[in-house]
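Here the structure is laid out as structure tokens; the discussion comes afterwards.
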6 protein chains.
Amino acid sequence: MLKVEKQRIGKNAVMLALLEEGEEFNLPGNWQSCRGKVGSMDSHKVVAAIETAAKKNGIIKTDVYRESHALYHAIMEALHGVTRGQVQLGDVLRTVGLRFAVVRGNPYENEQEGDWVAVALYGTIGAPVKGLEHETLGLGINHM
Amino acid sequence: MLKVEKQRIGKNAVMLALLEEGEEFNLPGNWQSCRGKVGSMDSHKVVAAIETAAKKNGIIKTDVYRESHALYHAIMEALHGVTRGQVQLGDVLRTVGLRFAVVRGNPYENEQEGDWVAVALYGTIGAPVKGLEHETLGLGINHM
Amino acid sequence: MLKVEKQRIGKNAVMLALLEEGEEFNLPGNWQSCRGKVGSMDSHKVVAAIETAAKKNGIIKTDVYRESHALYHAIMEALHGVTRGQVQLGDVLRTVGLRFAVVRGNPYENEQEGDWVAVALYGTIGAPVKGLEHETLGLGINHM
Amino acid sequence: MLKVEKQRIGKNAVMLALLEEGEEFNLPGNWQSCRGKVGSMDSHKVVAAIETAAKKNGIIKTDVYRESHALYHAIMEALHGVTRGQVQLGDVLRTVGLRFAVVRGNPYENEQEGDWVAVALYGTIGAPVKGLEHETLGLGINHM
Amino acid sequence: MLKVEKQRIGKNAVMLALLEEGEEFNLPGNWQSCRGKVGSMDSHKVVAAIETAAKKNGIIKTDVYRESHALYHAIMEALHGVTRGQVQLGDVLRTVGLRFAVVRGNPYENEQEGDWVAVALYGTIGAPVKGLEHETLGLGINHM
Amino acid sequence: MLKVEKQRIGKNAVMLALLEEGEEFNLPGNWQSCRGKVGSMDSHKVVAAIETAAKKNGIIKTDVYRESHALYHAIMEALHGVTRGQVQLGDVLRTVGLRFAVVRGNPYENEQEGDWVAVALYGTIGAPVKGLEHETLGLGINHM
């Protein structure tokens with residue numbers, strides 16, 4: 001069994017995104033997190049699903065732009081891992097089915113480092129035909 | 001504890017790359033795999049370390065170009081997740097310390113799908129100063 | 001107060017794009033220029049707004065392709081500065097509100113250099129929610 | 001007259017894509033190929049047109065994902081040559097009129113190399129206005 | 001003369017980078033800033049010059065990673081505007097001569113937004129031959 | 001045998017780059033051209049080889065920057081086709097062996113279109129090991 005130390009905010013987010021239904025995983029410490037699913041050919045819907053989940057679960061404050069800004073760039077970085085070259089889905093005739101996890105906390109010993117956010121995406125990418133797809137994964141990390 | 005089903009070649013590779021020292025993880029089925037570490041500011045050294053490990057461990061045949069070609073593109077795709085935008089390290093003044101895993105096998109039920117390869121990278125990326133870094137992860141998958 | 005020497009076609013374009021309402025700025029020499037505004041989630045509308053303004057104001061000749069070609073690439077280069085990675089707006093759930101300036105003239109002493117074009121964009125980029133945005137700027141320069 | 005040796009799968013594909021109406025070109029050996037045309041501002045329609053032609057002509061097997069996967073990446077690589085930077089058409093207000101050719105065969109002496117696929121695209125790219133365009137060409141090659 | 005309102009952190013940084021020798025420009029409010037010059041074919045030297053200046057002038061705290069991280073991404077975004085496509089200089093046989101400005105402060109009315117950083121680059125880019133160059137400009141903005 | 005009409009400056013450049021030793025090809029009309037070879041892991045050496053050949057053969061004027069600028073961007077666009085994603089060679093552990101052709105002329109009926117330049121690259125790309133490579137091709141076109 002894999003241990004996940006507290007300070008590994010990225011590894012924790014990835015483990016959450018890799019969870020199958022029925023599996024559980026305890027985030028160490030007092031970190032915040034949320035999970036969700038999204039399937040789409042529209043990359044903006046992937047972005048929106050993650051932002052909405054993070055706001056609904058209180059991971060980021062809706063009325064503080066810096067928190068949205070931090071999350072947005074973490075999402076975009078995770079999408080680079082998923083798309084591997086061009087951040088495009090339907091425009092290049094492919095679709096994704098993703099589980100996502102967002103984790104917020106301070107992964108460093110120094111309190112001055114404040115909160116960071118990790119966004120992990122895991123699922124499949126491929127043609128819009130069942131079965132013509134393979135796995136994909138992306139991780140984005142940013143200071144809050 | 002996370003289950004990893006046989007057909008998840010990408011998830012298996014990621015789990016292998018996430019292993020800490022002393023941890024173990026059994027790859028399901030008759031798949032082949034190898035693991036290693038590489039730290040560098042030169043992206044070509046990351047590519048070379050993975051290729052060398054895959055060849056030494058018999059994951060790919062040295063004298064068949066298609067196998068090198070398949071692995072190369074899987075590595076490049078994994079590097080996109082690690083670098084998130086420009087596949088550059090020292091050129092933009094950053095360095096990586098990575099563990100990598102390469103897994104080879106057929107993740108599909110249909111035997112005609114043949115072998116595929118998954119390359120997972122996990123570690124840290126940041127300034128060439130200890131501590132000024134955060135986690136990073138990339139996954140590339142290709143047909144062999 | 002900033003001086004803008006004649007030969008700085010890029011600086012001149014940027015200064016024009018930075019003008020607030022009511023401010024004035026005299027372009028040195030016999031250069032041609034036009035200004036405008038565009039707000040959109042569609043990157044092609046940004047391109048179209050600038051091309052249309054440049055044609056209406058006689059900055060480029062409508063029936064000579066080389067002039068459209070020169071302007072198009074200057075616009076695309078300016079968009080790289082605005083988008084910083086992927087030339088995408090709505091596809092990655094963001095929108096822009098931009099002022100633009102196009103300047104045409106020869107910034108070099110040698111007459112053989114002929115005309116060049118500079119496109120400057122300045123404004124905001126962010127989520128499609130008022131206030132969730134920051135400034136952005138791009139400059140593209142091409143020979144005519 | 002240009003000779004095209006058997007092993008030049010890329011050159012063969014390019015020659016096929018360069019053919020004007022009424023011209024003929026004999027593919028050497030027992031390679032498979034198909035040709036077609038597509039004009040669009042939607043990059044996904046270019047991808048779809050090539051995939052459909054390749055399937056209809058039996059170049060790739062519809063029910064084996066690895067073959068679709070190999071072709072898809074060859075198409076994407078060819079589109080990089082056509083678009084030269086961002087794989088975008090209408091999103092950046094440009095359109096293409098392309099002839100395409102897909103060739104399948106083993107270009108290497110070693111039988112173990114198996115089949116490879118080459119996708120060549122040739123035509124025009126430019127503004128959605130007749131005449132405001134220039135030629136463009138792309139070639140993608142992948143192991144099958 | 002152009003006014004620069006306090007909240008325009010990007011515009012302020014650009015104005016500072018556009019200053020010619022002997023010109024002065026007063027940054028509004030209690031914002032921090034520094035300026036400098038760098039010329040190089042090595043993109044990592046541009047990054048290093050800006051980071052060093054920001055640390056020496058106390059714009060960012062050396063021992064708090066989040067501040068280095070924030071600045072680094074602002075620099076990278078500014079370099080996108082300068083390089084317009086591939087963040088490469090000598091690798092594609094071109095060189096830059098740049099003036100840079102870094103500004104730190106809160107450009108929003110809400111105190112919770114905290115500090116942001118703006119990096120502006122202005123100068124020339126071109127072949128490593130005097131005169132074969134044109135202007136270039138980039139702006140990157142990030143939350144601190 | 002393929003016909004190449006006068007106005008196809010791109011097709012002409014590609015045909016020149018595809019020529020094997022001993023083959024001949026007559027460029028139609030009064031266009032200028034030059035050919036050459038370059039093999040390297042350094043992308044800047046590819047750029048330099050083409051620029052040098054174009055200058056030595058009088059395709060572009062050494063002392064007029066706009067001509068260097070036009071050629072440079074045509075080369076960069078051709079390199080996009082060759083590299084298909086990141087304009088990198090040795091940095092991602094690959095090398096090229098290329099033949100190149102540069103053609104200059106007016107491909108349009110309207111004399112006002114003036115001269116354009118086409119750069120075609122054809123050869124192999126792959127690991128720095130003989131035989132571990134496949135063909136590659138790129139075409140860049142720009143107004144002069």
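Residues in the structure tokens are numbered from 1 in each chain, the chains being A, B, ... in the order shown, and ligands are numbered from 1 in the order shown.
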task: Name the residues in contact with range 31-45 of chain B at a cut-off of 8 Å, using only C-alpha atoms, excluding same-chain residues fewer than 2 positions from it; report them as number ranges by chain.
output: B: 16-17, 27-29, 47-50, 53-54, 57, 59, 87-90, 93-106; F: 90-93
Preceding selection exported with N, CA and C atoms as a CSV table (one decimal), in the first residue's frame:
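Writing done, so here's again-v8.csv:
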```
chain,number,residue,atom,x,y,z
B,16,LEU,N,3.5,2.8,-9.9
B,16,LEU,CA,4.9,2.4,-9.8
B,16,LEU,C,5.8,3.7,-9.6
B,17,ALA,N,5.4,4.7,-10.3
B,17,ALA,CA,6.3,5.9,-10.2
B,17,ALA,C,6.1,6.6,-8.8
B,27,LEU,N,2.6,-5.6,-10.1
B,27,LEU,CA,2.0,-5.3,-11.3
B,27,LEU,C,1.1,-6.5,-11.7
B,28,PRO,N,-0.1,-6.3,-12.0
B,28,PRO,CA,-1.0,-7.5,-12.3
B,28,PRO,C,-0.6,-8.1,-13.7
B,29,GLY,N,-1.0,-9.4,-13.8
B,29,GLY,CA,-0.8,-10.1,-15.1
B,29,GLY,C,0.7,-10.3,-15.5
B,47,VAL,N,15.1,12.0,-21.1
B,47,VAL,CA,14.7,11.0,-22.2
B,47,VAL,C,15.7,9.9,-22.3
B,48,ALA,N,17.0,10.1,-22.2
B,48,ALA,CA,18.0,9.1,-22.3
B,48,ALA,C,17.9,8.1,-21.2
B,49,ALA,N,17.7,8.6,-19.9
B,49,ALA,CA,17.7,7.7,-18.8
B,49,ALA,C,16.5,6.7,-18.9
B,50,ILE,N,15.4,7.2,-19.4
B,50,ILE,CA,14.2,6.3,-19.5
B,50,ILE,C,14.5,5.3,-20.7
B,53,ALA,N,17.0,2.6,-19.5
B,53,ALA,CA,16.4,1.7,-18.6
B,53,ALA,C,15.5,0.7,-19.3
B,54,ALA,N,14.7,1.2,-20.2
B,54,ALA,CA,13.8,0.3,-20.9
B,54,ALA,C,14.5,-0.7,-21.7
B,57,ASN,N,16.4,-3.4,-19.4
B,57,ASN,CA,15.4,-4.3,-18.8
B,57,ASN,C,14.6,-5.0,-19.8
B,59,ILE,N,12.4,-4.1,-21.9
B,59,ILE,CA,11.1,-3.6,-22.2
B,59,ILE,C,10.9,-3.4,-23.7
B,87,VAL,N,8.4,22.1,-23.4
B,87,VAL,CA,9.2,21.0,-22.9
B,87,VAL,C,10.7,21.4,-22.7
B,88,GLN,N,10.8,22.3,-21.7
B,88,GLN,CA,12.1,22.9,-21.4
B,88,GLN,C,12.4,22.8,-20.0
B,89,LEU,N,13.7,22.6,-19.6
B,89,LEU,CA,14.1,22.6,-18.2
B,89,LEU,C,15.1,23.7,-18.0
B,90,GLY,N,16.4,23.4,-18.2
B,90,GLY,CA,17.5,24.3,-17.9
B,90,GLY,C,17.3,25.6,-18.8
B,93,LEU,N,15.6,27.8,-16.8
B,93,LEU,CA,16.1,27.9,-15.5
B,93,LEU,C,15.3,27.1,-14.5
B,94,ARG,N,15.0,25.8,-14.8
B,94,ARG,CA,14.4,25.0,-13.8
B,94,ARG,C,15.0,23.6,-14.0
B,95,THR,N,14.8,22.8,-13.0
B,95,THR,CA,15.4,21.5,-12.9
B,95,THR,C,14.4,20.5,-12.4
B,96,VAL,N,14.6,19.2,-12.7
B,96,VAL,CA,13.6,18.2,-12.2
B,96,VAL,C,14.4,17.1,-11.4
B,97,GLY,N,13.7,16.5,-10.5
B,97,GLY,CA,14.2,15.3,-9.9
B,97,GLY,C,13.0,14.3,-10.0
B,98,LEU,N,13.2,13.3,-10.8
B,98,LEU,CA,12.0,12.4,-11.2
B,98,LEU,C,12.3,10.9,-10.9
B,99,ARG,N,11.2,10.2,-10.5
B,99,ARG,CA,11.2,8.8,-10.6
B,99,ARG,C,10.4,8.4,-11.8
B,100,PHE,N,10.8,7.4,-12.5
B,100,PHE,CA,10.0,7.0,-13.7
B,100,PHE,C,9.7,5.5,-13.6
B,101,ALA,N,8.6,5.2,-14.3
B,101,ALA,CA,8.2,3.8,-14.5
B,101,ALA,C,7.8,3.6,-15.9
B,102,VAL,N,8.2,2.5,-16.5
B,102,VAL,CA,7.7,2.1,-17.8
B,102,VAL,C,7.0,0.8,-17.7
B,103,VAL,N,5.8,0.7,-18.3
B,103,VAL,CA,5.1,-0.6,-18.2
B,103,VAL,C,4.7,-1.0,-19.6
B,104,ARG,N,4.8,-2.2,-20.0
B,104,ARG,CA,4.5,-2.7,-21.3
B,104,ARG,C,3.5,-3.9,-21.2
B,105,GLY,N,2.5,-3.8,-22.0
B,105,GLY,CA,1.5,-4.9,-22.0
B,105,GLY,C,0.3,-4.5,-22.8
B,106,ASN,N,-0.7,-5.5,-22.9
B,106,ASN,CA,-1.9,-5.2,-23.6
B,106,ASN,C,-3.0,-4.9,-22.7
F,90,GLY,N,18.2,18.3,-30.3
F,90,GLY,CA,19.0,17.7,-29.3
F,90,GLY,C,18.4,17.8,-27.9
F,91,ASP,N,17.7,18.9,-27.6
F,91,ASP,CA,17.1,19.1,-26.3
F,91,ASP,C,16.1,17.9,-26.0
F,92,VAL,N,15.6,17.3,-27.0
F,92,VAL,CA,14.7,16.2,-26.7
F,92,VAL,C,15.3,14.9,-27.4
F,93,LEU,N,16.6,14.9,-27.4
F,93,LEU,CA,17.4,13.8,-27.9
F,93,LEU,C,17.0,13.2,-29.3
```
Range 53-140 of chain B residues near range 64-76 of chain E within 12 Å, closest pair each, using only C-alpha atoms, as a tab-separated table:
```
residue	atom	partner	partner_atom	distance
B:Arg84	CA	E:His73	CA	11.7
B:Gly85	CA	E:Met76	CA	10.3
B:Gln86	CA	E:Met76	CA	10.0
B:Gln88	CA	E:Met76	CA	11.6
B:Asp91	CA	E:Met76	CA	11.4
B:Val92	CA	E:Met76	CA	8.0
B:Leu93	CA	E:Tyr72	CA	9.4
B:Arg94	CA	E:Tyr72	CA	9.7
B:Ile125	CA	E:His69	CA	10.9
B:Gly126	CA	E:His69	CA	8.3
B:Ala127	CA	E:Ser68	CA	8.6
B:Pro128	CA	E:Ser68	CA	11.8
B:Val129	CA	E:Tyr65	CA	10.1
B:Lys130	CA	E:Tyr65	CA	10.2
B:Gly131	CA	E:Tyr65	CA	7.4
B:Leu132	CA	E:Tyr65	CA	5.3
B:Glu133	CA	E:Tyr65	CA	7.5
B:His134	CA	E:His69	CA	9.2
```
Just the selected residues (N, CA, C and O atoms), exported as a PDB file, in the first residue's frame, please.
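Wrote it out as again08.pdb, contents follow:
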```pdb
ATOM      1  N   ARG B  84       4.360  21.156 -18.644  1.00  0.00           N
ATOM      2  CA  ARG B  84       3.119  21.931 -18.779  1.00  0.00           C
ATOM      3  C   ARG B  84       3.245  23.202 -19.624  1.00  0.00           C
ATOM      4  O   ARG B  84       2.934  24.306 -19.176  1.00  0.00           O
ATOM      5  N   GLY B  85       3.631  23.037 -20.882  1.00  0.00           N
ATOM      6  CA  GLY B  85       3.643  24.190 -21.779  1.00  0.00           C
ATOM      7  C   GLY B  85       4.810  24.145 -22.746  1.00  0.00           C
ATOM      8  O   GLY B  85       4.624  23.988 -23.936  1.00  0.00           O
ATOM      9  N   GLN B  86       6.003  24.295 -22.234  1.00  0.00           N
ATOM     10  CA  GLN B  86       7.193  24.208 -23.060  1.00  0.00           C
ATOM     11  C   GLN B  86       8.027  23.061 -22.514  1.00  0.00           C
ATOM     12  O   GLN B  86       8.325  23.042 -21.327  1.00  0.00           O
ATOM     13  N   GLN B  88      10.838  22.275 -21.698  1.00  0.00           N
ATOM     14  CA  GLN B  88      12.141  22.860 -21.442  1.00  0.00           C
ATOM     15  C   GLN B  88      12.434  22.845 -19.951  1.00  0.00           C
ATOM     16  O   GLN B  88      11.552  23.107 -19.140  1.00  0.00           O
ATOM     17  N   ASP B  91      16.790  25.465 -19.959  1.00  0.00           N
ATOM     18  CA  ASP B  91      16.633  26.629 -20.835  1.00  0.00           C
ATOM     19  C   ASP B  91      15.739  27.687 -20.219  1.00  0.00           C
ATOM     20  O   ASP B  91      15.809  28.863 -20.585  1.00  0.00           O
ATOM     21  N   VAL B  92      14.857  27.274 -19.332  1.00  0.00           N
ATOM     22  CA  VAL B  92      14.025  28.252 -18.636  1.00  0.00           C
ATOM     23  C   VAL B  92      14.321  28.196 -17.137  1.00  0.00           C
ATOM     24  O   VAL B  92      13.447  28.469 -16.310  1.00  0.00           O
ATOM     25  N   LEU B  93      15.556  27.828 -16.847  1.00  0.00           N
ATOM     26  CA  LEU B  93      16.107  27.897 -15.487  1.00  0.00           C
ATOM     27  C   LEU B  93      15.317  27.074 -14.471  1.00  0.00           C
ATOM     28  O   LEU B  93      14.962  27.552 -13.395  1.00  0.00           O
ATOM     29  N   ARG B  94      15.022  25.835 -14.822  1.00  0.00           N
ATOM     30  CA  ARG B  94      14.393  24.958 -13.841  1.00  0.00           C
ATOM     31  C   ARG B  94      14.982  23.564 -13.978  1.00  0.00           C
ATOM     32  O   ARG B  94      15.586  23.229 -14.995  1.00  0.00           O
ATOM     33  N   ILE B 125       9.766  19.679  -9.614  1.00  0.00           N
ATOM     34  CA  ILE B 125      10.271  20.611 -10.616  1.00  0.00           C
ATOM     35  C   ILE B 125      10.408  21.964  -9.942  1.00  0.00           C
ATOM     36  O   ILE B 125       9.594  22.319  -9.093  1.00  0.00           O
ATOM     37  N   GLY B 126      11.434  22.716 -10.310  1.00  0.00           N
ATOM     38  CA  GLY B 126      11.580  24.023  -9.695  1.00  0.00           C
ATOM     39  C   GLY B 126      12.906  24.663 -10.005  1.00  0.00           C
ATOM     40  O   GLY B 126      13.629  24.234 -10.914  1.00  0.00           O
ATOM     41  N   ALA B 127      13.197  25.715  -9.275  1.00  0.00           N
ATOM     42  CA  ALA B 127      14.466  26.426  -9.438  1.00  0.00           C
ATOM     43  C   ALA B 127      15.613  25.509  -9.018  1.00  0.00           C
ATOM     44  O   ALA B 127      15.418  24.582  -8.234  1.00  0.00           O
ATOM     45  N   PRO B 128      16.815  25.759  -9.549  1.00  0.00           N
ATOM     46  CA  PRO B 128      17.951  24.929  -9.166  1.00  0.00           C
ATOM     47  C   PRO B 128      18.473  25.297  -7.770  1.00  0.00           C
ATOM     48  O   PRO B 128      19.657  25.543  -7.595  1.00  0.00           O
ATOM     49  N   VAL B 129      17.537  25.371  -6.817  1.00  0.00           N
ATOM     50  CA  VAL B 129      17.860  25.688  -5.427  1.00  0.00           C
ATOM     51  C   VAL B 129      16.998  24.757  -4.575  1.00  0.00           C
ATOM     52  O   VAL B 129      15.785  24.704  -4.767  1.00  0.00           O
ATOM     53  N   LYS B 130      17.621  24.045  -3.654  1.00  0.00           N
ATOM     54  CA  LYS B 130      16.871  23.070  -2.857  1.00  0.00           C
ATOM     55  C   LYS B 130      15.697  23.725  -2.137  1.00  0.00           C
ATOM     56  O   LYS B 130      15.855  24.739  -1.461  1.00  0.00           O
ATOM     57  N   GLY B 131      14.522  23.146  -2.280  1.00  0.00           N
ATOM     58  CA  GLY B 131      13.352  23.648  -1.576  1.00  0.00           C
ATOM     59  C   GLY B 131      12.465  24.535  -2.431  1.00  0.00           C
ATOM     60  O   GLY B 131      11.267  24.646  -2.182  1.00  0.00           O
ATOM     61  N   LEU B 132      13.039  25.143  -3.446  1.00  0.00           N
ATOM     62  CA  LEU B 132      12.244  26.014  -4.328  1.00  0.00           C
ATOM     63  C   LEU B 132      11.658  25.163  -5.452  1.00  0.00           C
ATOM     64  O   LEU B 132      12.023  25.287  -6.616  1.00  0.00           O
ATOM     65  N   GLU B 133      10.739  24.292  -5.096  1.00  0.00           N
ATOM     66  CA  GLU B 133      10.223  23.318  -6.058  1.00  0.00           C
ATOM     67  C   GLU B 133       8.878  22.785  -5.587  1.00  0.00           C
ATOM     68  O   GLU B 133       8.537  22.882  -4.418  1.00  0.00           O
ATOM     69  N   HIS B 134       8.106  22.256  -6.519  1.00  0.00           N
ATOM     70  CA  HIS B 134       6.863  21.552  -6.154  1.00  0.00           C
ATOM     71  C   HIS B 134       6.775  20.271  -6.958  1.00  0.00           C
ATOM     72  O   HIS B 134       7.595  20.019  -7.852  1.00  0.00           O
TER      73      HIS B 134
END
```
After superposing chain F onto chain C (least squares, all C-alpha atoms, pairing by order), export the transformed chain as a short mmCIF file (atom, residue, chain, number, x, y, z; two decimals) with C-alpha atoms, in the first residue's frame.
```cif
data_model
loop_
_atom_site.label_atom_id
_atom_site.label_comp_id
_atom_site.auth_asym_id
_atom_site.auth_seq_id
_atom_site.Cartn_x
_atom_site.Cartn_y
_atom_site.Cartn_z
CA MET F 1 6.56 61.91 -19.70
CA LEU F 2 7.76 59.23 -22.03
CA LYS F 3 9.31 60.23 -25.31
CA VAL F 4 8.67 57.98 -28.25
CA GLU F 5 11.18 58.28 -31.00
CA LYS F 6 10.03 57.92 -34.56
CA GLN F 7 11.70 54.61 -35.18
CA ARG F 8 10.02 52.83 -32.30
CA ILE F 9 7.02 51.52 -34.20
CA GLY F 10 6.29 48.97 -31.49
CA LYS F 11 6.52 51.45 -28.64
CA ASN F 12 4.27 53.83 -30.55
CA ALA F 13 1.66 51.12 -31.06
CA VAL F 14 1.81 50.19 -27.38
CA MET F 15 1.41 53.82 -26.30
CA LEU F 16 -1.64 54.15 -28.54
CA ALA F 17 -3.17 51.00 -27.07
CA LEU F 18 -2.49 52.24 -23.53
CA LEU F 19 -4.32 55.57 -24.08
CA GLU F 20 -7.30 56.16 -21.79
CA GLU F 21 -10.38 57.95 -23.02
CA GLY F 22 -9.70 61.66 -23.40
CA GLU F 23 -5.96 61.21 -23.66
CA GLU F 24 -4.13 62.10 -26.83
CA PHE F 25 -0.92 60.94 -28.34
CA ASN F 26 0.73 62.19 -31.51
CA LEU F 27 2.29 59.61 -33.68
CA PRO F 28 5.60 60.97 -34.98
CA GLY F 29 6.32 61.36 -38.68
CA ASN F 30 4.02 60.31 -41.48
CA TRP F 31 2.99 56.97 -40.10
CA GLN F 32 -0.53 55.65 -40.40
CA SER F 33 -2.50 54.23 -37.52
CA CYS F 34 -5.90 53.23 -36.26
CA ARG F 35 -7.36 52.24 -32.92
CA GLY F 36 -10.34 50.27 -31.71
CA LYS F 37 -11.88 48.10 -29.04
CA VAL F 38 -13.03 44.51 -28.96
CA GLY F 39 -14.34 42.26 -26.23
CA SER F 40 -15.00 38.58 -26.86
CA MET F 41 -14.59 34.96 -25.86
CA ASP F 42 -14.00 34.14 -29.53
CA SER F 43 -10.43 34.65 -30.62
CA HIS F 44 -11.53 34.91 -34.27
CA LYS F 45 -13.62 37.96 -33.40
CA VAL F 46 -10.53 39.68 -32.03
CA VAL F 47 -8.71 38.93 -35.28
CA ALA F 48 -11.67 40.12 -37.36
CA ALA F 49 -12.10 43.37 -35.42
CA ILE F 50 -8.48 44.36 -35.98
CA GLU F 51 -8.47 43.37 -39.65
CA THR F 52 -11.69 45.26 -40.30
CA ALA F 53 -10.43 48.41 -38.58
CA ALA F 54 -7.15 48.28 -40.49
CA LYS F 55 -8.95 47.95 -43.81
CA LYS F 56 -11.57 50.61 -43.11
CA ASN F 57 -8.87 53.07 -42.12
CA GLY F 58 -6.76 52.32 -45.16
CA ILE F 59 -3.85 50.93 -43.15
CA ILE F 60 -3.73 47.92 -45.44
CA LYS F 61 -4.96 47.49 -49.01
CA THR F 62 -7.90 45.10 -49.20
CA ASP F 63 -6.97 43.73 -52.61
CA VAL F 64 -3.30 42.98 -51.95
CA TYR F 65 -2.90 39.69 -50.12
CA ARG F 66 0.61 40.37 -48.88
CA GLU F 67 -0.73 43.21 -46.76
CA SER F 68 -3.43 41.04 -45.20
CA HIS F 69 -0.83 38.33 -44.67
CA ALA F 70 1.56 40.71 -42.94
CA LEU F 71 -1.16 42.08 -40.69
CA TYR F 72 -2.53 38.63 -39.86
CA HIS F 73 0.78 37.37 -38.55
CA ALA F 74 1.34 40.56 -36.55
CA ILE F 75 -2.08 40.04 -34.96
CA MET F 76 -1.31 36.40 -34.17
CA GLU F 77 1.99 37.38 -32.55
CA ALA F 78 0.25 40.01 -30.44
CA LEU F 79 -2.29 37.37 -29.40
CA HIS F 80 0.56 35.21 -28.13
CA GLY F 81 1.44 37.95 -25.66
CA VAL F 82 -2.19 38.26 -24.62
CA THR F 83 -2.83 34.53 -24.20
CA ARG F 84 0.65 33.40 -23.07
CA GLY F 85 0.71 29.75 -24.13
CA GLN F 86 -2.38 28.64 -26.00
CA VAL F 87 -4.06 31.11 -28.37
CA GLN F 88 -7.44 30.24 -26.86
CA LEU F 89 -10.13 32.24 -25.09
CA GLY F 90 -13.59 30.72 -24.67
CA ASP F 91 -12.25 27.23 -25.28
CA VAL F 92 -10.45 27.50 -21.98
CA LEU F 93 -13.23 29.51 -20.35
CA ARG F 94 -11.75 32.98 -20.44
CA THR F 95 -12.65 36.23 -22.12
CA VAL F 96 -10.84 39.43 -23.11
CA GLY F 97 -11.69 43.12 -23.22
CA LEU F 98 -9.05 44.76 -25.40
CA ARG F 99 -8.11 48.08 -26.93
CA PHE F 100 -5.97 47.70 -30.01
CA ALA F 101 -3.75 49.91 -32.12
CA VAL F 102 -2.27 49.26 -35.55
CA VAL F 103 0.64 51.39 -36.79
CA ARG F 104 2.18 51.29 -40.25
CA GLY F 105 5.44 52.90 -41.30
CA ASN F 106 9.14 52.40 -41.87
CA PRO F 107 10.97 52.31 -38.52
CA TYR F 108 14.39 51.91 -40.12
CA GLU F 109 16.69 54.51 -41.65
CA ASN F 110 17.19 52.49 -44.80
CA GLU F 111 14.36 53.23 -47.23
CA GLN F 112 14.67 49.75 -48.70
CA GLU F 113 13.21 48.38 -45.46
CA GLY F 114 9.84 49.67 -46.64
CA ASP F 115 6.76 49.60 -44.45
CA TRP F 116 6.31 47.54 -41.32
CA VAL F 117 3.22 47.00 -39.22
CA ALA F 118 2.89 46.89 -35.43
CA VAL F 119 -0.19 45.58 -33.64
CA ALA F 120 -0.58 46.28 -29.93
CA LEU F 121 -3.31 44.87 -27.71
CA TYR F 122 -3.99 46.00 -24.14
CA GLY F 123 -6.82 45.24 -21.79
CA THR F 124 -8.00 42.52 -19.46
CA ILE F 125 -8.24 38.76 -19.58
CA GLY F 126 -10.03 36.48 -17.16
CA ALA F 127 -13.09 34.47 -16.26
CA PRO F 128 -16.38 35.51 -17.86
CA VAL F 129 -17.34 37.18 -14.55
CA LYS F 130 -16.81 40.88 -13.93
CA GLY F 131 -13.81 41.52 -11.72
CA LEU F 132 -12.23 38.08 -12.08
CA GLU F 133 -9.59 39.36 -14.50
CA HIS F 134 -6.19 41.00 -14.77
CA GLU F 135 -4.40 43.08 -17.38
CA THR F 136 -2.84 41.64 -20.49
CA LEU F 137 -0.75 43.04 -23.31
CA GLY F 138 0.64 41.83 -26.62
CA LEU F 139 2.75 43.27 -29.41
CA GLY F 140 3.28 41.86 -32.88
CA ILE F 141 5.55 43.34 -35.53
CA ASN F 142 5.96 42.32 -39.15
CA HIS F 143 7.32 43.66 -42.42
CA MET F 144 4.57 44.71 -44.82
#
```
- request: Could you give me, as number ranges by chain, each residue of range 7-107 of chain D that DSSP assigns to helix (DSSP H, G or I) when run on this structure's backbone?
  value: D: 9-18, 43-56, 65-83, 90-92
